[in-house]
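First up is the structure itself, then whatever we jot down about it.
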Amino acid sequence: MTRFHQAIAERVLIFDGAMGTMLQERGLAPGGCPEEMNRLFPEVVSGIHREYAEAGADILETNTFGGSRTKLAHYGLGDSVDELNRRAVDLARQAAGPETFVAGSVGPTGRFLEPVGDAGFQEMVDIFAEQISALAGAGADLINFETFLDIRELRAGIIACREVCALPVIAQMTFDDAGRTVLGTSPEAAAVTLDGLQVDVIGSNCGLGIDGIFKVLEKMRTVTPRPLIAQANAGLPVLRDGLTIFPGTPEEMTAYHERLIALGARIIGGCCGTTPQHIRAMREALNSYSLEWSPPVRRGFLSSRTSVVEIGGEAPCALIGERINPTGKKGYSEELRSGKTAYIRKEAREQTVAGADLLDINCGLPGVDEAAALERAVYAAAGAAMAPLVLDSSDPVALERGLQAADGKVLINSVTGEQQSLERVLPLARRYGAAVIGLALDGKGIPETAEGRLEVAGRILTAAEAAGLPKQDIVIDCLTLTVSAEQKRALETLRALRLVRDELGLATALGVSNISFGLPSRPILSAAFFAMALEAGLKAAIINPKDGRMMDAFRAARVLLCQDERAEDYIAQYSGQPAQEAPAVSEVGQEIDIEQRLAGAIIAGDHEGIIPLVNEALASGVEAMRISNEGLLPGLEEVGRRFADNRIFLPQVMQSAETMQTAFAHLKEVMGGEVGPSLGKILMATVEGDIHDIGKNIVCTLLENHGFEVIDLGKNVPAGKILDTALEQQVDAVGLSALMTTTLNQMETTLARLRESGIKVFTMVGGAVVTPEYADSIGADIYAADAMEAVAKIKEILADSGGKSSGQ
């Protein structure tokens, strides 16, 4: 146990507060690089550290939030990663007392990973490894990942950290007031994924005040026993006398201390707007409370980017959809060979609608590059459904590609009791934070008796724990053998389920339908065996959830085993109708008109199928404008409605937007130019001093898809350039974005200069730190909380004005 682990076990530590706003107050110029202050004005940085230390901070964080190669390159400092990060550690260490910890700060790179963005996973690992190597080499005590919006980028950072050092890791994400990150990750999904990666402390910083951060941590606590961290903003920013102010008082920042401590927050600190005065109040408030805490019992969970599924323990049996497997499926096999994913996306959607909790993904086919195929399949399935994934492969190269592509904590299917298998698969599970299905067989084959399978399961468990995996992440497949060949061994499988549960305390899995292979009316036998396996404690069933008889058996067994309280699920499914095979999920077919099929392709993000549909529509005489206005745009509008209702999230929106772009580009090519008139000309920019443009880029993409002409000036754009371009291009609206609290005032400056120059355009503002109140205070016409809202509001205001701003 390290000194840090000992400290958080014994007491609650106080983290320091904001660095960026403090630097700005002490000379950091708008648009300047905060990390360069470590070189140019080291006394300013060390002075801030010293004030926090004197206020009682147990942890001082280095001035390296933007210290990665990618971020520093925006200032021409991409080759200064090692120097600036090492200097930062030295400056913090100078101010730290002998018992004070120095945390190396690591922030996001500002890029999204594929397929949402253009960054490769290994590329991201390398970027983080370079920065963390410098921090660790200079003597940091721990690494703090903070303000992350993309769980997959955070996974890459943690993996990089484990590669280059053995320091304790804190991992924090930033959530909005709806309880999601920009890419749709919930606190529960984030916590499960980070717990799987075995970070030391999990939590949230920035974006919210202390009340919002507490709600996020409450949700995290439901799925992880790990220590938590809370670093809230000092309220939400407001504009006073031309300055951006965070109104939260030191006393308000301590209002949740007692509840945070009871929840298991072992580190409490501040983010934007907090000062040494806030930290001093937090330190003094700890004296009023008992700091004892015992972690809850660990349970097993899997996660996707957006959702979680409990597996094992008292949780109901999880249903694993089995149909994304090329065995016996000619169409899917052909798609695997051609590199297409339509079947995967279709089955992912249909199986989850039918009741699958998890989706098994198998791409093993002779002549196919399984690694590349599994990566594509993971992207496709994750974009089509929210269920966590089961990666079904014995090839370690393919598994690693699939694990890198996954957003959350997946289940690997599978490892055996053979030493070679254990040595190839278990390290991958540990590195990427995955759970594992262990097959109860070894080099000698499948043991005939339940006791033999128990013995193999015990060996798998021992090896997994030695590799660093908790037992809750081990699921034993007791192996279903067909009764047509070995009738008596079905009962041994059921006995094995009970023995593994009772003797080892492990969750169990079965490929249920294997029982009936080679016999007529297979669903009858499979359903009966399924019910028997559920009574024996089965916790993960690999089945076809679109088989109505299997789902009938599942729902009925849950009632009889007292797993469906008051038979609520059963009644909801069958009330008013006889028990029967569940209706098949409807498929888009020829009987649906072409406009509906075009809209459906946009909603599904079917970039492979959209061009054939557009060609079919053109060949049947449908005009280009009708294809756009009655097919494509209604589909994108439905995407917006689903996004607003939290039925889909940003990755799905971007997938639909890319499909829309593909369709429009093809239409323009076929028609020899413009498909229709522009709805207006919009100028977009991230304000001066701010180098973050992810959100702004998403807005640009969606505006273009809705028929607007977009002029994108990029990031860190001076007000003068925005004015000149708006006048020259005769734009109808100007959209401004800011992510950093230190650059909010540039929005007001830019809007004021637009007004002073007599340029009459509609103005729209947004970004992580922008609030409706702030937008009103600076005189913006539109505030948009996200990209879809931005599109909807600009369409509304331009439509109300007749399509163009006045005064052009």
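As shown in the structure tokens, the chain order sets the letters A, B, ...; within each chain, residues go from 1, and ligands are also counted from 1 in the order they appear.
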
key: Picked from region 611-712 of chain A by DSSP as strand (DSSP E or B), as a PyMOL selection string   = chain A and resi 681-687+709-712

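By chain and then residue number, the residues within 7 Å of region 747-753 of chain A are Val687, Ala719, Leu736, Leu744, Glu756, Ser757 and Ile778 of chain A, counting only C-alpha atoms and disregarding those fewer than 3 positions away in sequence.
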
Output N, CA and C atoms for every residue in that selection, as an mmCIF file, in the first residue's frame.
data_model
loop_
_atom_site.group_PDB
_atom_site.id
_atom_site.type_symbol
_atom_site.label_atom_id
_atom_site.label_comp_id
_atom_site.auth_asym_id
_atom_site.auth_seq_id
_atom_site.Cartn_x
_atom_site.Cartn_y
_atom_site.Cartn_z
ATOM 1 N N VAL A 687 -13.946 31.421 -29.700
ATOM 2 C CA VAL A 687 -13.435 32.764 -29.419
ATOM 3 C C VAL A 687 -11.936 32.764 -29.122
ATOM 4 N N ALA A 719 -11.641 38.721 -32.310
ATOM 5 C CA ALA A 719 -12.910 39.383 -32.610
ATOM 6 C C ALA A 719 -12.841 40.123 -33.934
ATOM 7 N N LEU A 736 -20.801 31.611 -31.689
ATOM 8 C CA LEU A 736 -19.553 31.646 -30.924
ATOM 9 C C LEU A 736 -19.549 30.529 -29.886
ATOM 10 N N LEU A 744 -14.569 33.278 -21.521
ATOM 11 C CA LEU A 744 -15.964 33.692 -21.650
ATOM 12 C C LEU A 744 -16.096 35.172 -22.013
ATOM 13 N N GLU A 756 -21.211 47.517 -32.222
ATOM 14 C CA GLU A 756 -20.574 48.811 -32.452
ATOM 15 C C GLU A 756 -20.303 49.073 -33.923
ATOM 16 N N SER A 757 -20.035 48.006 -34.664
ATOM 17 C CA SER A 757 -19.721 48.142 -36.087
ATOM 18 C C SER A 757 -20.970 48.207 -36.951
ATOM 19 N N ILE A 778 -24.983 39.067 -22.008
ATOM 20 C CA ILE A 778 -24.105 39.656 -23.012
ATOM 21 C C ILE A 778 -24.860 40.024 -24.288
#

query = Which residues in region 125-187 of chain A does DSSP call alpha helix (DSSP H)? List them as number ranges by chain.
reply = A: 125-137, 151-164, 187

Counting only C-alpha atoms, which residues of region 445-537 of chain A sit at most 12 Å from some atom of region 193-207 of chain A, and what is each one's closest atom pair with its distance in Å to one decimal, listed by chain and rising residue number, as JSON lines?
{"residue": "A:Gly468", "atom": "CA", "partner": "A:Gln198", "partner_atom": "CA", "distance": 9.3}
{"residue": "A:Leu469", "atom": "CA", "partner": "A:Gly196", "partner_atom": "CA", "distance": 8.8}
{"residue": "A:Pro470", "atom": "CA", "partner": "A:Gly196", "partner_atom": "CA", "distance": 9.2}
{"residue": "A:Lys471", "atom": "CA", "partner": "A:Gly196", "partner_atom": "CA", "distance": 11.9}
{"residue": "A:Gln472", "atom": "CA", "partner": "A:Gly196", "partner_atom": "CA", "distance": 10.5}
{"residue": "A:Asp473", "atom": "CA", "partner": "A:Gly196", "partner_atom": "CA", "distance": 8.6}

Can you write just those residues out, C-alpha atoms, as a PDB file, in the first residue's frame?
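Everything below was put into part.pdb:
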ATOM      1  CA  GLY A 468      -5.273  -9.065 -11.084  1.00  0.00           C
ATOM      2  CA  LEU A 469      -8.929  -9.649 -11.948  1.00  0.00           C
ATOM      3  CA  PRO A 470     -11.582  -9.634  -9.199  1.00  0.00           C
ATOM      4  CA  LYS A 471     -13.717 -12.760  -8.950  1.00  0.00           C
ATOM      5  CA  GLN A 472     -16.827 -10.737  -9.801  1.00  0.00           C
ATOM      6  CA  ASP A 473     -15.370 -10.348 -13.300  1.00  0.00           C
TER       7      ASP A 473
END

inquiry  = Counting only C-alpha atoms, which residue out of A:Gly640, A:Gly635, A:Gly537, A:Pro187 sits closest to Gly313 (chain A)?
reply    =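 Among A:Gly640, A:Gly635, A:Gly537, A:Pro187, it is A:Gly537 that comes nearest to Gly313 (chain A).
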
ask   = Excluding same-chain residues fewer than 6 positions from Cys562 (chain A), what lies within 12 Å of it counting only C-alpha atoms, as a list in words?
value = Glu314, Pro316, Leu534, Glu535, Arg555, Ala556, Glu568, Asp569 and Tyr570 of chain A

message = Applying 12 Å and only C-alpha atoms, which residues near Gln24 (chain A) remain after dropping the ones on its own chain fewer than 5 positions away? List them as a VMD selection string.
response = chain A and resid 18 to 19 29 to 34 37 44 to 45 48 243 to 244 273 689 740 to 743 745

Go ahead and write the residues just picked, N, CA, C and O atoms, as an mmCIF file, in the first residue's frame.
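The resulting file, again26.cif, is reproduced below:
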data_model
loop_
_atom_site.group_PDB
_atom_site.id
_atom_site.type_symbol
_atom_site.label_atom_id
_atom_site.label_comp_id
_atom_site.auth_asym_id
_atom_site.auth_seq_id
_atom_site.Cartn_x
_atom_site.Cartn_y
_atom_site.Cartn_z
ATOM 1 N N ALA A 18 -8.938 26.002 -8.251
ATOM 2 C CA ALA A 18 -8.718 26.368 -9.649
ATOM 3 C C ALA A 18 -7.308 26.898 -9.877
ATOM 4 O O ALA A 18 -6.724 27.557 -9.010
ATOM 5 N N MET A 19 -6.782 26.608 -11.051
ATOM 6 C CA MET A 19 -5.486 27.151 -11.462
ATOM 7 C C MET A 19 -5.661 28.171 -12.579
ATOM 8 O O MET A 19 -5.087 29.260 -12.536
ATOM 9 N N ALA A 29 -2.179 36.208 -20.311
ATOM 10 C CA ALA A 29 -2.871 36.990 -21.328
ATOM 11 C C ALA A 29 -3.947 36.159 -22.004
ATOM 12 O O ALA A 29 -3.809 34.930 -22.127
ATOM 13 N N PRO A 30 -5.018 36.805 -22.468
ATOM 14 C CA PRO A 30 -6.025 36.073 -23.234
ATOM 15 C C PRO A 30 -5.369 35.389 -24.430
ATOM 16 O O PRO A 30 -4.620 36.004 -25.182
ATOM 17 N N GLY A 31 -5.649 34.109 -24.588
ATOM 18 C CA GLY A 31 -5.043 33.365 -25.673
ATOM 19 C C GLY A 31 -3.673 32.814 -25.352
ATOM 20 O O GLY A 31 -3.075 32.114 -26.174
ATOM 21 N N GLY A 32 -3.161 33.117 -24.157
ATOM 22 C CA GLY A 32 -1.853 32.618 -23.761
ATOM 23 C C GLY A 32 -1.904 31.173 -23.308
ATOM 24 O O GLY A 32 -2.968 30.641 -22.989
ATOM 25 N N CYS A 33 -0.749 30.524 -23.279
ATOM 26 C CA CYS A 33 -0.665 29.122 -22.877
ATOM 27 C C CYS A 33 -0.417 29.034 -21.372
ATOM 28 O O CYS A 33 0.638 29.475 -20.898
ATOM 29 N N PRO A 34 -1.349 28.478 -20.597
ATOM 30 C CA PRO A 34 -1.150 28.384 -19.145
ATOM 31 C C PRO A 34 0.113 27.616 -18.773
ATOM 32 O O PRO A 34 0.822 27.994 -17.828
ATOM 33 N N MET A 37 3.521 29.328 -18.546
ATOM 34 C CA MET A 37 3.815 30.087 -17.315
ATOM 35 C C MET A 37 4.829 29.338 -16.453
ATOM 36 O O MET A 37 5.562 29.957 -15.678
ATOM 37 N N VAL A 44 4.959 32.902 -10.305
ATOM 38 C CA VAL A 44 3.503 33.046 -10.232
ATOM 39 C C VAL A 44 2.860 31.692 -9.958
ATOM 40 O O VAL A 44 1.984 31.560 -9.093
ATOM 41 N N VAL A 45 3.283 30.676 -10.686
ATOM 42 C CA VAL A 45 2.718 29.330 -10.514
ATOM 43 C C VAL A 45 3.023 28.797 -9.122
ATOM 44 O O VAL A 45 2.131 28.300 -8.418
ATOM 45 N N ILE A 48 0.855 30.406 -6.433
ATOM 46 C CA ILE A 48 -0.509 29.875 -6.335
ATOM 47 C C ILE A 48 -0.494 28.555 -5.564
ATOM 48 O O ILE A 48 -1.334 28.319 -4.681
ATOM 49 N N LEU A 243 -16.955 41.047 -15.986
ATOM 50 C CA LEU A 243 -16.085 39.953 -15.561
ATOM 51 C C LEU A 243 -16.899 38.678 -15.346
ATOM 52 O O LEU A 243 -18.049 38.737 -14.889
ATOM 53 N N THR A 244 -16.297 37.537 -15.652
ATOM 54 C CA THR A 244 -16.925 36.252 -15.399
ATOM 55 C C THR A 244 -16.689 35.869 -13.943
ATOM 56 O O THR A 244 -15.546 35.745 -13.506
ATOM 57 N N GLY A 273 -13.364 28.595 -10.461
ATOM 58 C CA GLY A 273 -13.861 29.625 -9.556
ATOM 59 C C GLY A 273 -13.501 29.446 -8.100
ATOM 60 O O GLY A 273 -13.732 30.352 -7.290
ATOM 61 N N GLY A 689 -8.420 32.881 -27.577
ATOM 62 C CA GLY A 689 -7.899 32.347 -26.323
ATOM 63 C C GLY A 689 -8.357 30.931 -26.025
ATOM 64 O O GLY A 689 -7.815 30.284 -25.138
ATOM 65 N N MET A 740 -13.546 27.208 -22.104
ATOM 66 C CA MET A 740 -12.762 27.627 -20.939
ATOM 67 C C MET A 740 -13.402 28.835 -20.254
ATOM 68 O O MET A 740 -13.814 29.793 -20.915
ATOM 69 N N THR A 741 -13.480 28.785 -18.947
ATOM 70 C CA THR A 741 -14.046 29.912 -18.198
ATOM 71 C C THR A 741 -13.233 31.182 -18.417
ATOM 72 O O THR A 741 -13.767 32.285 -18.380
ATOM 73 N N THR A 742 -11.937 31.020 -18.668
ATOM 74 C CA THR A 742 -11.075 32.187 -18.832
ATOM 75 C C THR A 742 -11.308 32.911 -20.152
ATOM 76 O O THR A 742 -10.782 34.011 -20.353
ATOM 77 N N THR A 743 -12.073 32.327 -21.071
ATOM 78 C CA THR A 743 -12.309 32.960 -22.370
ATOM 79 C C THR A 743 -13.750 33.421 -22.555
ATOM 80 O O THR A 743 -14.101 33.932 -23.620
ATOM 81 N N ASN A 745 -15.233 36.013 -21.421
ATOM 82 C CA ASN A 745 -15.373 37.449 -21.671
ATOM 83 C C ASN A 745 -15.127 37.817 -23.131
ATOM 84 O O ASN A 745 -15.549 38.865 -23.600
#

query = Counting only C-alpha atoms, what is within 10 Å of Ala738 (chain A), bar same-chain residues fewer than 4 positions away, as a PyMOL selection string?
reply = chain A and resi 685-693+695-696+715-716+742-747+765-770

Please save C-alpha atoms of the selected residues as a short mmCIF file (atom, residue, chain, number, x, y, z; two decimals), in the first residue's frame.
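As written to disk, result.cif reads:
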data_model
loop_
_atom_site.label_atom_id
_atom_site.label_comp_id
_atom_site.auth_asym_id
_atom_site.auth_seq_id
_atom_site.Cartn_x
_atom_site.Cartn_y
_atom_site.Cartn_z
CA ALA A 685 -15.89 30.35 -34.47
CA THR A 686 -14.36 29.48 -31.12
CA VAL A 687 -13.44 32.76 -29.42
CA GLU A 688 -9.92 34.11 -28.98
CA GLY A 689 -7.90 32.35 -26.32
CA ASP A 690 -9.88 29.10 -26.54
CA ILE A 691 -8.36 26.16 -28.41
CA HIS A 692 -11.32 23.78 -28.00
CA ASP A 693 -13.49 23.27 -31.06
CA GLY A 695 -18.56 21.16 -29.90
CA LYS A 696 -18.37 23.89 -32.51
CA LYS A 715 -10.59 28.10 -32.92
CA ASN A 716 -8.79 30.91 -31.09
CA THR A 742 -11.07 32.19 -18.83
CA THR A 743 -12.31 32.96 -22.37
CA LEU A 744 -15.96 33.69 -21.65
CA ASN A 745 -15.37 37.45 -21.67
CA GLN A 746 -14.23 37.20 -25.30
CA MET A 747 -17.82 36.34 -26.23
CA VAL A 765 -23.49 31.31 -28.13
CA GLY A 766 -22.77 27.96 -26.53
CA GLY A 767 -20.13 25.79 -24.92
CA ALA A 768 -19.59 23.82 -21.75
CA VAL A 769 -19.21 26.88 -19.49
CA VAL A 770 -21.91 29.04 -21.10
#

Neighbour list for Val116 (chain A) as a PDB file with N, CA, C and O atoms, in the first residue's frame, cut-off 10 Å, only C-alpha atoms, skip fewer than 2 positions in-chain:
ATOM      1  N   ARG A 111      -9.396  16.119 -28.950  1.00  0.00           N
ATOM      2  CA  ARG A 111      -9.771  15.349 -30.136  1.00  0.00           C
ATOM      3  C   ARG A 111     -10.663  14.182 -29.723  1.00  0.00           C
ATOM      4  O   ARG A 111     -10.537  13.672 -28.602  1.00  0.00           O
ATOM      5  N   PHE A 112     -11.559  13.782 -30.626  1.00  0.00           N
ATOM      6  CA  PHE A 112     -12.364  12.587 -30.412  1.00  0.00           C
ATOM      7  C   PHE A 112     -11.714  11.408 -31.118  1.00  0.00           C
ATOM      8  O   PHE A 112     -11.104  11.548 -32.179  1.00  0.00           O
ATOM      9  N   LEU A 113     -11.880  10.229 -30.538  1.00  0.00           N
ATOM     10  CA  LEU A 113     -11.366   9.021 -31.178  1.00  0.00           C
ATOM     11  C   LEU A 113     -12.311   8.549 -32.269  1.00  0.00           C
ATOM     12  O   LEU A 113     -13.487   8.902 -32.307  1.00  0.00           O
ATOM     13  N   GLU A 114     -11.764   7.730 -33.161  1.00  0.00           N
ATOM     14  CA  GLU A 114     -12.584   7.089 -34.180  1.00  0.00           C
ATOM     15  C   GLU A 114     -13.650   6.219 -33.506  1.00  0.00           C
ATOM     16  O   GLU A 114     -13.402   5.704 -32.429  1.00  0.00           O
ATOM     17  N   ASP A 118     -11.173  11.586 -35.445  1.00  0.00           N
ATOM     18  CA  ASP A 118     -10.158  11.067 -36.358  1.00  0.00           C
ATOM     19  C   ASP A 118      -8.941  10.489 -35.647  1.00  0.00           C
ATOM     20  O   ASP A 118      -7.990  10.055 -36.292  1.00  0.00           O
ATOM     21  N   ALA A 119      -8.954  10.476 -34.326  1.00  0.00           N
ATOM     22  CA  ALA A 119      -7.784   9.991 -33.588  1.00  0.00           C
ATOM     23  C   ALA A 119      -7.844   8.476 -33.411  1.00  0.00           C
ATOM     24  O   ALA A 119      -8.893   7.918 -33.083  1.00  0.00           O
ATOM     25  N   LEU A 183     -20.878  13.062 -24.802  1.00  0.00           N
ATOM     26  CA  LEU A 183     -21.073  11.896 -25.656  1.00  0.00           C
ATOM     27  C   LEU A 183     -22.070  10.901 -25.077  1.00  0.00           C
ATOM     28  O   LEU A 183     -22.169   9.766 -25.549  1.00  0.00           O
ATOM     29  N   TYR A 379     -17.622  -0.959 -33.530  1.00  0.00           N
ATOM     30  CA  TYR A 379     -18.110   0.377 -33.861  1.00  0.00           C
ATOM     31  C   TYR A 379     -19.572   0.323 -34.309  1.00  0.00           C
ATOM     32  O   TYR A 379     -20.398   1.152 -33.890  1.00  0.00           O
ATOM     33  N   GLY A 383     -22.821   1.773 -32.215  1.00  0.00           N
ATOM     34  CA  GLY A 383     -23.573   2.867 -32.794  1.00  0.00           C
ATOM     35  C   GLY A 383     -25.044   2.561 -32.969  1.00  0.00           C
ATOM     36  O   GLY A 383     -25.865   3.476 -33.038  1.00  0.00           O
ATOM     37  N   LEU A 650     -24.781  11.548 -28.644  1.00  0.00           N
ATOM     38  CA  LEU A 650     -24.009  12.213 -29.678  1.00  0.00           C
ATOM     39  C   LEU A 650     -23.355  11.263 -30.682  1.00  0.00           C
ATOM     40  O   LEU A 650     -23.346  11.555 -31.892  1.00  0.00           O
ATOM     41  N   PRO A 651     -22.777  10.135 -30.280  1.00  0.00           N
ATOM     42  CA  PRO A 651     -22.199   9.255 -31.305  1.00  0.00           C
ATOM     43  C   PRO A 651     -23.214   8.817 -32.352  1.00  0.00           C
ATOM     44  O   PRO A 651     -22.883   8.745 -33.546  1.00  0.00           O
ATOM     45  N   GLN A 652     -24.453   8.530 -31.932  1.00  0.00           N
ATOM     46  CA  GLN A 652     -25.481   8.143 -32.897  1.00  0.00           C
ATOM     47  C   GLN A 652     -25.880   9.337 -33.772  1.00  0.00           C
ATOM     48  O   GLN A 652     -26.140   9.182 -34.970  1.00  0.00           O
ATOM     49  N   VAL A 653     -25.930  10.530 -33.165  1.00  0.00           N
ATOM     50  CA  VAL A 653     -26.244  11.732 -33.938  1.00  0.00           C
ATOM     51  C   VAL A 653     -25.199  11.952 -35.026  1.00  0.00           C
ATOM     52  O   VAL A 653     -25.515  12.233 -36.181  1.00  0.00           O
ATOM     53  N   MET A 654     -23.918  11.804 -34.665  1.00  0.00           N
ATOM     54  CA  MET A 654     -22.850  12.018 -35.640  1.00  0.00           C
ATOM     55  C   MET A 654     -22.872  10.950 -36.733  1.00  0.00           C
ATOM     56  O   MET A 654     -22.578  11.235 -37.897  1.00  0.00           O
ATOM     57  N   GLN A 655     -23.234   9.733 -36.359  1.00  0.00           N
ATOM     58  CA  GLN A 655     -23.347   8.667 -37.359  1.00  0.00           C
ATOM     59  C   GLN A 655     -24.447   9.008 -38.366  1.00  0.00           C
ATOM     60  O   GLN A 655     -24.274   8.841 -39.575  1.00  0.00           O
ATOM     61  N   GLU A 658     -23.203  11.905 -40.598  1.00  0.00           N
ATOM     62  CA  GLU A 658     -22.284  11.446 -41.641  1.00  0.00           C
ATOM     63  C   GLU A 658     -23.044  10.750 -42.768  1.00  0.00           C
ATOM     64  O   GLU A 658     -22.695  10.889 -43.950  1.00  0.00           O
TER      65      GLU A 658
END

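Our summary of the geometry notes that CA of Phe148 (chain A) is positioned 6.6 Å from CA of Gln172 (chain A).
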
note = Pairwise distance, CA of Ser628 (chain A) with CA of Lys795 (chain A), equals 16.3 Å

query = Near Thr224 (chain A), counting only C-alpha atoms, which residues have an atom at most 8 Å away, once you skip same-chain residues fewer than 2 positions from it, shown as a list in words?
reply =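 Final neighbour list, sorted by chain and number: Ala191, Val192, Asp195, Met220, Arg221, Thr222, Arg226, Pro296, Arg298 and Arg299 of chain A.
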
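Across A:Ala348, A:Ile460, A:Ile698, A:Ala232, the tightest approach to Phe246 (chain A) is made by A:Ala232 when counting only C-alpha atoms.
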
inquiry  = Please determine, counting only C-alpha atoms, which residue among A:His666, A:Lys346, A:Arg647, A:Arg498 has the shortest atom-to-atom distance to Ile610 (chain A).
reply    =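 So, comparing all the options, the nearest one is A:His666.
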
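Rounded to one decimal, CA of Phe517 (chain A) and CA of Thr493 (chain A) lie 15.7 Å from each other.
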